[in-house]
file final-v4.txt (compact mmCIF, C-alpha atoms)
# COMPACT_ATOMS: atom_id res chain seq x y z
CA MET A 1033 11.69 -19.04 -11.61
CA ILE A 1034 11.20 -15.31 -11.00
CA LEU A 1035 7.79 -16.01 -9.47
CA LEU A 1036 9.21 -18.56 -7.04
CA ASN A 1037 12.16 -16.37 -6.09
CA THR A 1038 10.12 -13.17 -5.75
CA LEU A 1039 6.67 -14.11 -4.45
CA PHE A 1040 7.27 -17.27 -2.45
CA PRO A 1041 9.23 -15.51 0.35
CA VAL A 1042 6.52 -12.84 0.67
CA PHE A 1043 3.53 -15.18 0.82
CA ALA A 1044 5.46 -17.69 2.95
CA LEU A 1045 5.94 -15.02 5.63
CA LEU A 1046 2.27 -13.99 5.35
CA PHE A 1047 1.28 -17.64 5.90
CA LEU A 1048 3.77 -17.98 8.76
CA GLY A 1049 2.29 -14.89 10.42
CA GLY A 1050 -1.16 -16.48 10.38
CA LEU A 1051 0.20 -19.81 11.61
CA LEU A 1052 2.10 -18.25 14.52
CA ARG A 1053 -1.05 -16.39 15.59
CA ARG A 1054 -3.15 -19.56 15.50
CA LEU A 1055 -0.52 -21.49 17.46
CA GLY A 1056 -0.55 -18.81 20.12
CA LEU A 1057 3.09 -17.83 19.56
CA THR A 1058 2.01 -14.26 18.84
CA ASN A 1059 -0.89 -12.35 20.35
CA GLU A 1060 -2.76 -9.07 19.97
CA VAL A 1061 -0.45 -7.17 22.32
CA PHE A 1062 2.66 -8.29 20.43
CA LEU A 1063 1.10 -7.51 17.04
CA LYS A 1064 -0.06 -4.02 18.05
CA THR A 1065 3.38 -3.22 19.44
CA SER A 1066 5.18 -4.52 16.34
CA ASP A 1067 2.79 -2.61 14.07
CA ARG A 1068 3.57 0.62 15.87
CA LEU A 1069 7.32 -0.02 15.72
CA ILE A 1070 7.14 -0.79 12.00
CA TYR A 1071 4.88 2.14 11.12
CA PHE A 1072 6.51 4.85 13.22
CA ILE A 1073 10.18 3.79 13.28
CA PHE A 1074 11.54 0.90 11.23
CA PHE A 1075 9.74 1.39 7.91
CA PRO A 1076 10.21 5.19 7.67
CA VAL A 1077 13.89 4.76 8.60
CA MET A 1078 14.36 2.09 5.93
CA LEU A 1079 12.75 4.31 3.27
CA PHE A 1080 14.85 7.30 4.37
CA TRP A 1081 18.02 5.18 4.19
CA LYS A 1082 17.28 3.61 0.81
CA ILE A 1083 16.28 6.92 -0.80
CA GLY A 1084 18.74 9.20 1.00
CA GLY A 1085 21.83 7.30 -0.10
CA ALA A 1086 20.82 7.06 -3.76
CA SER A 1087 21.31 9.23 -6.82
CA LEU A 1088 17.76 10.21 -7.74
CA GLU A 1089 18.24 12.34 -10.84
CA SER A 1090 16.91 9.80 -13.34
CA ALA A 1091 14.19 8.57 -10.98
CA LEU A 1092 12.82 12.05 -10.30
CA GLN A 1093 12.73 12.88 -14.00
CA SER A 1094 10.64 9.83 -14.87
CA ASN A 1095 7.03 10.13 -16.08
CA LEU A 1096 6.17 7.18 -13.83
CA TYR A 1097 4.65 9.39 -11.15
CA PHE A 1098 2.32 11.22 -13.54
CA ALA A 1099 1.13 7.92 -15.01
CA VAL A 1100 0.45 6.37 -11.59
CA ILE A 1101 -1.35 9.45 -10.26
CA LEU A 1102 -3.56 9.58 -13.35
CA ALA A 1103 -4.32 5.85 -13.12
CA ILE A 1104 -5.34 6.19 -9.46
CA LEU A 1105 -7.62 9.12 -10.28
CA ILE A 1106 -9.28 7.25 -13.16
CA VAL A 1107 -9.96 4.17 -11.04
CA PHE A 1108 -11.18 6.37 -8.18
CA ILE A 1109 -13.73 8.05 -10.49
CA LEU A 1110 -14.88 4.76 -12.03
CA SER A 1111 -15.18 3.02 -8.67
CA THR A 1112 -17.13 5.97 -7.29
CA LEU A 1113 -19.57 5.76 -10.20
CA SER A 1114 -19.87 2.00 -9.62
CA ILE A 1115 -21.23 2.56 -6.09
CA LYS A 1116 -24.63 3.46 -7.51
CA LEU A 1117 -24.35 0.94 -10.36
CA PHE A 1118 -23.84 -2.00 -7.98
CA LYS A 1119 -26.22 -0.58 -5.35
CA ILE A 1120 -23.60 -0.37 -2.64
CA SER A 1121 -24.98 1.26 0.51
CA ASN A 1122 -23.59 4.43 2.06
CA PHE A 1123 -22.47 2.33 5.03
CA GLN A 1124 -20.32 0.19 2.73
CA ALA A 1125 -19.23 2.92 0.32
CA GLY A 1126 -16.22 4.18 2.27
CA SER A 1127 -14.71 0.71 2.74
CA TYR A 1128 -15.53 -0.32 -0.82
CA SER A 1129 -14.05 2.78 -2.44
CA GLN A 1130 -10.76 2.56 -0.52
CA SER A 1131 -10.47 -1.13 -1.42
CA CYS A 1132 -10.43 -0.18 -5.10
CA PHE A 1133 -7.33 2.02 -5.06
CA ARG A 1134 -5.39 1.80 -1.77
CA PHE A 1135 -2.25 -0.34 -1.74
CA ASN A 1136 -0.24 -2.41 0.73
CA THR A 1137 3.09 -0.62 1.14
CA TYR A 1138 4.80 -3.44 3.03
CA VAL A 1139 3.99 -6.11 0.45
CA GLY A 1140 5.03 -3.66 -2.25
CA VAL A 1141 8.47 -3.03 -0.78
CA ALA A 1142 9.01 -6.75 -0.18
CA VAL A 1143 8.13 -7.68 -3.78
CA VAL A 1144 10.09 -4.78 -5.29
CA MET A 1145 13.14 -5.58 -3.17
CA ASN A 1146 13.12 -9.22 -4.27
CA ALA A 1147 12.43 -8.45 -7.94
CA LEU A 1148 14.15 -5.13 -8.61
CA GLY A 1149 16.70 -4.57 -5.84
CA ASP A 1150 17.81 -1.24 -4.38
CA GLU A 1151 17.09 0.77 -7.53
CA GLY A 1152 13.51 -0.46 -7.50
CA ILE A 1153 13.14 0.37 -3.78
CA GLN A 1154 14.36 3.91 -4.37
CA CYS A 1155 11.88 4.37 -7.20
CA PHE A 1156 9.06 2.80 -5.18
CA GLY A 1157 9.87 4.95 -2.14
CA ILE A 1158 9.64 8.16 -4.16
CA LEU A 1159 6.42 6.90 -5.75
CA ILE A 1160 4.64 6.27 -2.45
CA GLY A 1161 5.84 9.65 -1.20
CA PHE A 1162 3.75 11.19 -4.00
CA ILE A 1163 0.85 8.76 -3.87
CA ILE A 1164 0.03 8.53 -0.16
CA PRO A 1165 -0.94 12.23 0.15
CA ILE A 1166 -3.11 12.00 -2.97
CA ILE A 1167 -4.86 8.88 -1.68
CA SER A 1168 -5.43 10.61 1.66
CA VAL A 1169 -7.17 13.47 -0.16
CA LEU A 1170 -9.36 10.97 -2.04
CA ILE A 1171 -10.31 9.39 1.30
CA VAL A 1172 -11.40 12.80 2.58
CA ILE A 1173 -13.56 13.18 -0.56
CA ILE A 1174 -15.19 9.80 0.11
CA LEU A 1175 -15.73 10.88 3.71
CA ILE A 1176 -17.52 14.04 2.62
CA TRP A 1177 -19.68 12.26 0.04
CA HIS A 1178 -20.82 9.33 2.13
CA SER A 1179 -20.63 10.30 5.80
CA GLY A 1180 -23.12 13.17 5.73
CA MET A 1181 -23.02 16.03 8.21
CA GLU A 1182 -23.90 14.11 11.37
CA THR A 1183 -22.14 14.62 14.69
CA GLY A 1184 -18.45 13.85 14.52
CA PHE A 1185 -18.08 14.69 10.82
CA LYS A 1186 -15.55 17.50 11.33
CA GLN A 1187 -13.57 15.39 13.76
CA ARG A 1188 -13.27 12.58 11.22
CA VAL A 1189 -12.18 14.98 8.47
CA PHE A 1190 -9.60 16.44 10.84
CA SER A 1191 -8.35 12.96 11.77
CA VAL A 1192 -7.83 11.96 8.13
CA ALA A 1193 -6.13 15.30 7.35
CA ARG A 1194 -3.86 14.88 10.38
CA GLU A 1195 -2.90 11.39 9.23
CA LEU A 1196 -1.91 12.87 5.85
CA ILE A 1197 0.29 15.56 7.38
CA THR A 1198 1.93 13.32 9.99
CA ASN A 1199 2.20 10.09 7.98
CA PRO A 1200 5.61 8.62 8.94
CA LEU A 1201 6.07 6.93 5.54
CA VAL A 1202 5.59 10.22 3.69
CA ILE A 1203 7.95 11.95 6.12
CA GLY A 1204 10.54 9.21 5.59
CA CYS A 1205 10.31 9.44 1.80
CA ILE A 1206 10.42 13.24 1.62
CA SER A 1207 13.28 13.39 4.13
CA GLY A 1208 15.16 10.84 2.04
CA ILE A 1209 14.71 12.89 -1.13
CA ILE A 1210 15.95 16.04 0.62
CA TYR A 1211 18.93 14.18 2.10
CA SER A 1212 19.82 12.69 -1.27
CA LYS A 1213 19.73 16.09 -2.95
CA THR A 1214 21.90 17.74 -0.26
CA ILE A 1215 24.21 15.33 1.59
CA HIS A 1216 23.71 12.08 -0.37
CA THR A 1217 26.01 9.75 1.61
CA PHE A 1218 25.80 8.25 5.09
CA PRO A 1219 28.78 7.77 7.42
CA VAL A 1220 29.65 4.11 7.90
CA PHE A 1221 28.31 3.86 11.46
CA LEU A 1222 24.89 5.21 10.38
CA ASP A 1223 24.86 3.10 7.24
CA ASN A 1224 25.47 -0.04 9.31
CA THR A 1225 22.84 0.98 11.88
CA PHE A 1226 20.17 1.56 9.24
CA SER A 1227 21.14 -1.70 7.53
CA LEU A 1228 20.56 -3.66 10.76
CA MET A 1229 17.23 -1.90 11.35
CA SER A 1230 16.05 -2.64 7.83
CA MET A 1231 16.75 -6.36 8.23
CA ILE A 1232 13.87 -6.80 10.67
CA THR A 1233 11.43 -4.40 9.02
CA LEU A 1234 9.91 -6.44 6.21
CA PRO A 1235 9.82 -9.84 7.96
CA LEU A 1236 8.09 -8.31 10.97
CA ALA A 1237 5.66 -6.37 8.77
CA LEU A 1238 4.69 -9.44 6.73
CA LEU A 1239 4.24 -11.58 9.85
CA SER A 1240 1.92 -8.93 11.28
CA ILE A 1241 -0.15 -8.75 8.09
CA GLY A 1242 -0.50 -12.52 7.96
CA ALA A 1243 -1.59 -12.63 11.59
CA VAL A 1244 -4.60 -10.35 11.07
CA LEU A 1245 -5.94 -12.01 7.91
CA THR A 1246 -9.16 -13.91 8.57
CA PHE A 1247 -11.75 -15.49 6.29
CA LYS A 1248 -14.61 -15.13 8.79
CA THR A 1249 -16.15 -12.05 7.17
CA LEU A 1250 -15.57 -13.07 3.56
CA LYS A 1251 -18.71 -15.21 3.15
CA ASN A 1252 -21.15 -12.40 3.93
CA HIS A 1253 -19.28 -9.78 1.89
CA PHE A 1254 -17.89 -11.80 -1.01
CA ARG A 1255 -19.81 -10.00 -3.79
CA VAL A 1256 -18.77 -6.45 -2.89
CA SER A 1257 -15.21 -7.40 -1.94
CA LEU A 1258 -14.84 -9.24 -5.26
CA ILE A 1259 -16.00 -6.16 -7.21
CA ALA A 1260 -13.44 -4.08 -5.31
CA ALA A 1261 -10.74 -6.68 -6.05
CA VAL A 1262 -11.57 -6.51 -9.77
CA PHE A 1263 -11.04 -2.74 -9.70
CA LYS A 1264 -7.83 -3.00 -7.66
CA LEU A 1265 -6.18 -6.06 -9.23
CA LEU A 1266 -7.52 -6.07 -12.79
CA LEU A 1267 -8.74 -2.65 -13.89
CA LEU A 1268 -6.00 -0.62 -12.17
CA PRO A 1269 -3.15 -2.70 -13.70
CA LEU A 1270 -4.78 -2.48 -17.15
CA VAL A 1271 -5.27 1.29 -16.93
CA GLY A 1272 -1.80 1.66 -15.44
CA PHE A 1273 -0.17 -0.41 -18.17
CA ALA A 1274 -1.78 1.74 -20.88
CA LEU A 1275 -0.69 4.97 -19.18
CA LEU A 1276 2.88 3.79 -18.57
CA ARG A 1277 3.13 3.01 -22.29
CA ALA A 1278 1.52 6.34 -23.21
CA PHE A 1279 4.02 8.22 -21.00
CA ASN A 1280 6.95 6.21 -22.43
CA VAL A 1281 7.95 4.80 -19.05
CA THR A 1282 10.47 1.97 -19.45
CA GLY A 1283 12.98 -0.13 -17.52
CA ILE A 1284 12.98 -0.22 -13.71
CA GLN A 1285 10.38 2.57 -13.54
CA PHE A 1286 7.95 0.60 -15.72
CA ARG A 1287 8.39 -2.60 -13.71
CA THR A 1288 8.06 -0.71 -10.41
CA GLY A 1289 4.85 0.90 -11.64
CA MET A 1290 3.35 -2.42 -12.70
CA VAL A 1291 4.16 -4.03 -9.33
CA PHE A 1292 2.52 -1.04 -7.63
CA PHE A 1293 -0.67 -1.44 -9.67
CA ALA A 1294 -0.91 -5.17 -8.87
CA LEU A 1295 -0.54 -4.87 -5.08
CA PRO A 1296 -3.32 -5.95 -2.68
CA THR A 1297 -5.29 -3.31 -0.85
CA SER A 1298 -3.92 -1.81 2.36
CA THR A 1299 -4.46 -3.49 5.72
CA SER A 1300 -4.92 -0.03 7.28
CA LEU A 1301 -8.17 0.07 5.32
CA TYR A 1302 -9.83 -1.48 8.40
CA VAL A 1303 -8.74 1.37 10.69
CA LEU A 1304 -9.89 4.11 8.35
CA SER A 1305 -13.18 2.32 7.70
CA ALA A 1306 -13.87 2.54 11.42
CA LEU A 1307 -12.94 6.22 11.33
CA LEU A 1308 -15.30 6.78 8.38
CA ASN A 1309 -18.17 5.01 10.16
CA SER A 1310 -18.03 2.55 7.28
CA ASP A 1311 -18.35 -1.25 7.14
CA THR A 1312 -15.33 -2.73 8.92
CA GLU A 1313 -16.43 -6.30 8.12
CA LEU A 1314 -16.40 -5.45 4.41
CA ALA A 1315 -12.97 -3.88 4.90
CA SER A 1316 -11.69 -7.08 6.50
CA ALA A 1317 -13.17 -9.23 3.71
CA SER A 1318 -11.67 -6.97 1.03
CA ILE A 1319 -8.23 -7.15 2.60
CA VAL A 1320 -8.27 -10.95 2.71
CA LEU A 1321 -9.63 -11.48 -0.81
CA SER A 1322 -7.35 -8.84 -2.32
CA THR A 1323 -4.29 -10.33 -0.60
CA VAL A 1324 -5.08 -13.84 -1.81
CA LEU A 1325 -5.85 -12.77 -5.39
CA SER A 1326 -2.80 -10.49 -5.55
CA PHE A 1327 -0.66 -13.61 -5.94
CA PHE A 1328 -2.07 -13.92 -9.46
CA SER A 1329 -1.95 -10.21 -10.34
CA LEU A 1330 1.63 -9.91 -9.13
CA SER A 1331 2.58 -13.10 -10.96
CA LEU A 1332 1.26 -11.67 -14.22
CA VAL A 1333 3.02 -8.32 -13.96
CA LEU A 1334 6.32 -9.96 -12.98
CA LEU A 1335 6.13 -12.07 -16.14
CA ILE A 1336 5.63 -9.02 -18.40
call {"tool": "encode", "arguments": {"input": "final-v4.txt", "output": "structure tokens"}}
result
Amino acid sequence: MILLNTLFPVFALLFLGGLLRRLGLTNEVFLKTSDRLIYFIFFPVMLFWKIGGASLESALQSNLYFAVILAILIVFILSTLSIKLFKISNFQAGSYSQSCFRFNTYVGVAVVMNALGDEGIQCFGILIGFIIPIISVLIVIILIWHSGMETGFKQRVFSVARELITNPLVIGCISGIIYSKTIHTFPVFLDNTFSLMSMITLPLALLSIGAVLTFKTLKNHFRVSLIAAVFKLLLLPLVGFALLRAFNVTGIQFRTGMVFFALPTSTSLYVLSALLNSDTELASASIVLSTVLSFFSLSLVLLI
């Protein structure tokens, strides 16, 4: 029953997003506008609100964050070594590598909220506040290794670094932690305002994700996208599970960590692949395959 109650709403909205796009009820202009509203306003505000009004003492003292960071680094190293093993071209390397360890924040928050409630959201929000900067650094490393020193290299490095510094989700999480440690409570009028804003955040985000999923590129890039999905949805959860046990992470923190490891790859992978001069068609295929297969990875971790 937990699978039906937790995953069905998420994947139903993803499917609805695709259906609305195909019926012409949403279009590219609407989706781009909603994406910007979600990314720059609604989602950061929701994270700030959920984290800022919580008591974070136990969450901040958890070993969850060390375990997740170490798991990401291990999978990053192994996936980087696999580039030569599986004869993946330099043109594909940037998209492939990101597909192996990046995660979909919106799906993560939706699943955690359904399965673990506010305590899980607070833990997940702090987690992504730590993880997003680290992943951004790993992307810069991939950029340096596989983009060469051709014209535009410095501009692309600068663009990735700027995204790290100005990432609204990181700003929302860090601001929430600071607010929780200093003020801790919201006045009723702000609490009600943030509550109303948060109600539209996840449905709109999931509809937007569903609208951009397409199977057109999957046929020509199935092999490489499947290898990336194995790293992201099988190897990362296995490594993560072992590290969470080794670091004695239990309870809500353990379950939050396992949901994080089982998430599909990020839809913003496509944008950064274009920035890296990498294979955007492979990025699109990886997003679709990872999203579809994540139903099974998330089902397994929710049953643990």
call {"tool": "residues_around", "arguments": {"input": "final-v4.txt", "residues": "Leu1321 in chain A", "least_positions_apart": "6", "cutoff": "8 Å", "atoms": "all atoms listed in the file", "output": "MDAnalysis selection string"}}
result
chainID A and resid 1250 1257:1258 1261
call {"tool": "residues_near_point", "arguments": {"input": "final-v4.txt", "point": "(3.9, -6.3, 6.5)", "cutoff": "10 Å", "atoms": "all atoms listed in the file", "output": "list in words"}}
result
Val1042, Leu1045, Leu1046, Gly1049, Asp1067, Ile1070, Tyr1071, Phe1075, Asn1136, Thr1137, Tyr1138, Val1139, Gly1140, Val1141, Ala1142, Thr1233, Leu1234, Pro1235, Leu1236, Ala1237, Leu1238, Leu1239, Ser1240, Ile1241, Gly1242, Ala1243, Ser1298 and Thr1299 of chain A
call {"tool": "atom_distance", "arguments": {"input": "final-v4.txt", "atom1": "CA of Ile1171 in chain A", "atom2": "CA of Leu1079 in chain A"}}
result
23.7 Å
call {"tool": "atom_distance", "arguments": {"input": "final-v4.txt", "atom1": "CA of Ser1322 in chain A", "atom2": "CA of Ser1111 in chain A"}}
result
15.6 Å
call {"tool": "atom_distance", "arguments": {"input": "final-v4.txt", "atom1": "CA of Leu1270 in chain A", "atom2": "CA of Phe1162 in chain A"}}
result
20.8 Å
call {"tool": "residues_around", "arguments": {"input": "final-v4.txt", "residues": "Leu1268 in chain A", "least_positions_apart": "2", "cutoff": "10 Å", "atoms": "all atoms listed in the file", "output": "MDAnalysis selection string"}}
result
chainID A and resid 1100 1103:1104 1106:1108 1132:1133 1261:1266 1270:1274 1290 1292:1295
call {"tool": "residues_around", "arguments": {"input": "final-v4.txt", "residues": "Phe1080 in chain A", "least_positions_apart": "5", "cutoff": "10 Å", "atoms": "only C-alpha atoms", "output": "JSON, numbers by chain"}}
result
{"A": [1074, 1075, 1085, 1154, 1157, 1201, 1202, 1203, 1204, 1205, 1206, 1207, 1208, 1209, 1210, 1211, 1212, 1226]}
call {"tool": "closest_residue", "arguments": {"input": "final-v4.txt", "among": "A:Leu1105, A:Ile1083, A:Val1256, A:Leu1170", "to": "Glu1151 in chain A", "atoms": "all atoms listed in the file"}}
result
A:Ile1083
call {"tool": "closest_residue", "arguments": {"input": "final-v4.txt", "among": "A:Phe1221, A:Tyr1128, A:Phe1279, A:Trp1177", "to": "Asp1311 in chain A", "atoms": "all atoms listed in the file"}}
result
A:Tyr1128
call {"tool": "closest_residue", "arguments": {"input": "final-v4.txt", "among": "A:Leu1052, A:Val1281, A:Leu1222, A:Ile1174", "to": "Phe1123 in chain A", "atoms": "only C-alpha atoms"}}
result
A:Ile1174
call {"tool": "closest_residue", "arguments": {"input": "final-v4.txt", "among": "A:Phe1254, A:Phe1043, A:Phe1062, A:Trp1081", "to": "Phe1218 in chain A", "atoms": "only C-alpha atoms"}}
result
A:Trp1081
call {"tool": "residues_near_point", "arguments": {"input": "final-v4.txt", "point": "(13.2, -13.3, -3.3)", "cutoff": "8 Å", "atoms": "all atoms listed in the file", "output": "list of chain:residue names"}}
result
A:Leu1036, A:Asn1037, A:Thr1038, A:Leu1039, A:Phe1040, A:Pro1041, A:Val1042, A:Val1143, A:Met1145, A:Asn1146, A:Ala1147
call {"tool": "residues_around", "arguments": {"input": "final-v4.txt", "residues": "Phe1286 in chain A", "least_positions_apart": "2", "cutoff": "12 Å", "atoms": "only C-alpha atoms", "output": "MDAnalysis selection string"}}
result
chainID A and resid 1091 1094:1097 1099:1100 1144 1148 1152 1155:1156 1159 1269 1272:1284 1288:1293 1333:1334 1336
call {"tool": "residues_around", "arguments": {"input": "final-v4.txt", "residues": "Leu1304 in chain A", "least_positions_apart": "5", "cutoff": "9 Å", "atoms": "only C-alpha atoms", "output": "list in words"}}
result
Gly1126, Ser1127, Ile1171, Val1192, Asn1309, Ser1310 and Thr1312 of chain A
call {"tool": "closest_residue", "arguments": {"input": "final-v4.txt", "among": "A:Ile1034, A:Leu1245, A:Leu1330, A:Leu1228", "to": "Ser1316 in chain A", "atoms": "only C-alpha atoms"}}
result
A:Leu1245
call {"tool": "axis_aligned_box", "arguments": {"input": "final-v4.txt", "around": "range 1147-1162 of chain A", "padding_each_side": "8 Å", "output": "JSON"}}
result
{"center_x": 10.8, "center_y": 1.4, "center_z": -4.9, "size_x": 30.1, "size_y": 35.6, "size_z": 23.4}
call {"tool": "closest_residue", "arguments": {"input": "final-v4.txt", "among": "A:Thr1246, A:Arg1255, A:Glu1060, A:His1216", "to": "Thr1323 in chain A", "atoms": "all atoms listed in the file"}}
result
A:Thr1246
